[in-house]
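The structure appears below as C-alpha coordinates.
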Amino acid sequence: VFLFPFTKTNLRAQVSRRCGLRLASGSMNVLVMACQAFWLQAADDLGAYAAHSGSSRVTQSDVRLLIHRQRVPQFYGGQPTLDDLVRMK
(Lines give C-alpha, C1' and ligand atoms only; values in the text may rest on other atoms or scores of the structure.)
Protein backbone atom coordinates (compact mmCIF):
# COMPACT_ATOMS: atom_id res chain seq x y z
CA VAL A 1 0.00 0.00 0.00
CA PHE A 2 1.37 3.38 -1.00
CA LEU A 3 1.27 5.76 1.94
CA PHE A 4 0.81 9.41 1.22
CA PRO A 5 3.07 11.80 3.12
CA PHE A 6 0.57 13.10 5.65
CA THR A 7 2.69 13.94 8.64
CA LYS A 8 1.00 14.09 11.98
CA THR A 9 2.56 17.50 12.61
CA ASN A 10 1.17 18.88 9.36
CA LEU A 11 -2.31 17.46 9.92
CA ARG A 12 -2.39 18.71 13.51
CA ALA A 13 -1.43 22.20 12.31
CA GLN A 14 -4.04 22.16 9.53
CA VAL A 15 -6.85 21.15 11.90
CA SER A 16 -5.79 23.81 14.38
CA ARG A 17 -5.48 26.50 11.71
CA ARG A 18 -8.72 25.69 9.89
CA CYS A 19 -11.07 25.18 12.81
CA GLY A 20 -9.19 26.38 15.86
CA LEU A 21 -9.51 23.03 17.63
CA ARG A 22 -7.06 20.54 19.02
CA LEU A 23 -7.28 16.86 18.15
CA ALA A 24 -8.30 14.47 20.90
CA SER A 25 -5.76 11.81 21.77
CA GLY A 26 -6.07 8.81 19.50
CA SER A 27 -7.75 10.76 16.72
CA MET A 28 -4.54 11.45 14.78
CA ASN A 29 -4.10 7.87 13.55
CA VAL A 30 -7.72 7.80 12.39
CA LEU A 31 -7.26 11.13 10.59
CA VAL A 32 -4.12 9.87 8.81
CA MET A 33 -5.98 6.71 7.74
CA ALA A 34 -8.94 8.79 6.49
CA CYS A 35 -6.63 11.00 4.41
CA GLN A 36 -4.91 7.99 2.91
CA ALA A 37 -8.25 6.34 2.11
CA PHE A 38 -9.51 9.54 0.47
CA TRP A 39 -6.47 9.85 -1.84
CA LEU A 40 -6.42 6.16 -2.69
CA GLN A 41 -10.10 6.37 -3.67
CA ALA A 42 -9.43 9.53 -5.70
CA ALA A 43 -6.62 7.76 -7.56
CA ASP A 44 -8.86 4.76 -8.24
CA ASP A 45 -11.64 7.04 -9.52
CA LEU A 46 -9.26 8.94 -11.81
CA GLY A 47 -8.00 5.66 -13.22
CA ALA A 48 -11.56 4.51 -13.87
CA TYR A 49 -12.44 7.79 -15.64
CA ALA A 50 -9.37 7.50 -17.88
CA ALA A 51 -10.07 3.82 -18.64
CA HIS A 52 -13.71 4.59 -19.42
CA SER A 53 -12.65 7.19 -22.00
CA GLY A 54 -10.18 4.71 -23.50
CA SER A 55 -7.14 6.70 -22.42
CA SER A 56 -3.98 5.54 -20.70
CA ARG A 57 -3.56 8.99 -19.12
CA VAL A 58 -5.52 10.96 -16.58
CA THR A 59 -6.55 14.22 -18.22
CA GLN A 60 -7.63 17.59 -16.86
CA SER A 61 -11.15 16.61 -17.83
CA ASP A 62 -10.89 13.54 -15.57
CA VAL A 63 -9.70 15.69 -12.67
CA ARG A 64 -12.51 18.21 -13.26
CA LEU A 65 -15.04 15.36 -13.24
CA LEU A 66 -13.62 14.05 -9.96
CA ILE A 67 -13.82 17.49 -8.34
CA HIS A 68 -17.35 18.00 -9.69
CA ARG A 69 -18.50 14.62 -8.38
CA GLN A 70 -17.02 15.42 -4.98
CA ARG A 71 -19.12 18.59 -4.96
CA VAL A 72 -16.35 21.11 -4.50
CA PRO A 73 -18.05 24.11 -6.17
CA GLN A 74 -15.19 26.59 -5.74
CA PHE A 75 -13.06 24.39 -8.03
CA TYR A 76 -15.48 23.85 -10.88
CA GLY A 77 -17.13 27.27 -10.98
CA GLY A 78 -20.56 26.14 -9.86
CA GLN A 79 -22.71 27.82 -7.29
CA PRO A 80 -22.69 26.05 -3.93
CA THR A 81 -25.90 24.32 -2.94
CA LEU A 82 -27.31 24.54 0.58
CA ASP A 83 -25.83 21.08 1.18
CA ASP A 84 -22.39 22.35 0.06
CA LEU A 85 -22.62 25.31 2.41
CA VAL A 86 -23.57 23.11 5.35
CA ARG A 87 -20.60 20.81 4.68
CA MET A 88 -18.21 23.78 4.52
CA LYS A 89 -19.04 24.91 8.05
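A note on labels: chains of the C-alpha coordinates are A, B, ... as shown, every chain counts residues from 1, and ligands are counted from 1 in their shown order.
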
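Shell of Ser25 (chain A) at 12 Å, with only C-alpha atoms counted and residues fewer than 5 places along the chain excluded, is Arg12, Val30 and Leu31 of chain A.
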
Output all heavy atoms of each residue in that selection to a file, as a short mmCIF file (atom, residue, chain, number, x, y, z; two decimals), in the first residue's frame.
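Final output, result_22.cif:
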```cif
data_model
loop_
_atom_site.label_atom_id
_atom_site.label_comp_id
_atom_site.auth_asym_id
_atom_site.auth_seq_id
_atom_site.Cartn_x
_atom_site.Cartn_y
_atom_site.Cartn_z
N ARG A 12 -2.04 18.04 12.25
CA ARG A 12 -2.39 18.71 13.51
C ARG A 12 -2.46 20.23 13.29
O ARG A 12 -3.39 20.90 13.72
CB ARG A 12 -1.39 18.36 14.60
CG ARG A 12 -1.79 18.85 15.97
CD ARG A 12 -0.81 18.37 17.03
NE ARG A 12 -0.96 16.93 17.25
CZ ARG A 12 -0.03 16.02 16.96
NH1 ARG A 12 1.13 16.36 16.47
NH2 ARG A 12 -0.26 14.74 17.18
N VAL A 30 -6.49 7.93 13.18
CA VAL A 30 -7.72 7.80 12.39
C VAL A 30 -7.74 8.85 11.29
O VAL A 30 -8.11 8.57 10.15
CB VAL A 30 -8.96 7.93 13.30
CG1 VAL A 30 -10.23 7.92 12.47
CG2 VAL A 30 -8.98 6.81 14.33
N LEU A 31 -7.30 10.07 11.59
CA LEU A 31 -7.26 11.13 10.59
C LEU A 31 -6.26 10.79 9.47
O LEU A 31 -6.56 10.97 8.29
CB LEU A 31 -6.88 12.46 11.23
CG LEU A 31 -6.84 13.67 10.31
CD1 LEU A 31 -8.18 13.89 9.62
CD2 LEU A 31 -6.43 14.91 11.10
#
```

| request: Extract the full set of helix (DSSP H, G or I) residues from region 24-63 of chain A according to DSSP on the backbone, and format it as JSON, numbers by chain. | output: {"A": [27, 28, 29, 30, 31, 32, 33, 34, 35, 36, 37, 38, 39, 40, 41, 42, 43, 44, 45, 46, 47, 48, 49, 50, 51, 52, 60, 61, 62, 63]}

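For the pair CA of Ala43 (chain A) and CA of Leu66 (chain A), the separation is 9.7 Å.
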
| Of the listed residues A:Met28, A:Leu21, A:Val15, A:Leu46, that which approaches Val58 (chain A) most closely, counting only C-alpha atoms |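 Checking each candidate against Val58 (chain A), we get A:Leu46 as the closest.
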
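The spacing separating CA of Met33 (chain A) from CA of Ser16 (chain A) amounts to 18.3 Å.
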
| query | Which of these residues is nearest to Trp39 (chain A), using only C-alpha atoms: A:Leu11, A:Ser61, A:Phe6, A:Arg22? | reply |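 Ranking A:Leu11, A:Ser61, A:Phe6, A:Arg22 by distance to Trp39 (chain A), first place goes to A:Phe6.
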
| request: Tell me, in Å to one decimal, how far CA of Val32 (chain A) is from CA of Cys19 (chain A). | output: 17.3 Å

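Among A:Asn29, A:Asp62, A:Arg17, A:His68, the residue with the shortest atom-to-atom distance to Asp44 (chain A), counting only C-alpha atoms, is A:Asp62.
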
| Smallest atom-to-atom distance to Arg69 (chain A): which of A:Gly20, A:Ser55, A:Ala50, A:Asp45, using only C-alpha atoms? |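 Looking at the shortest contact to Arg69 (chain A), the residue is A:Asp45.
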
| field | Closest of A:Gln70, A:Thr59, A:Thr7, A:Gln14 to Gly47 (chain A) - atom-to-atom distances counting only C-alpha atoms | value |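 Distance minimum relative to Gly47 (chain A) lands on A:Thr59.
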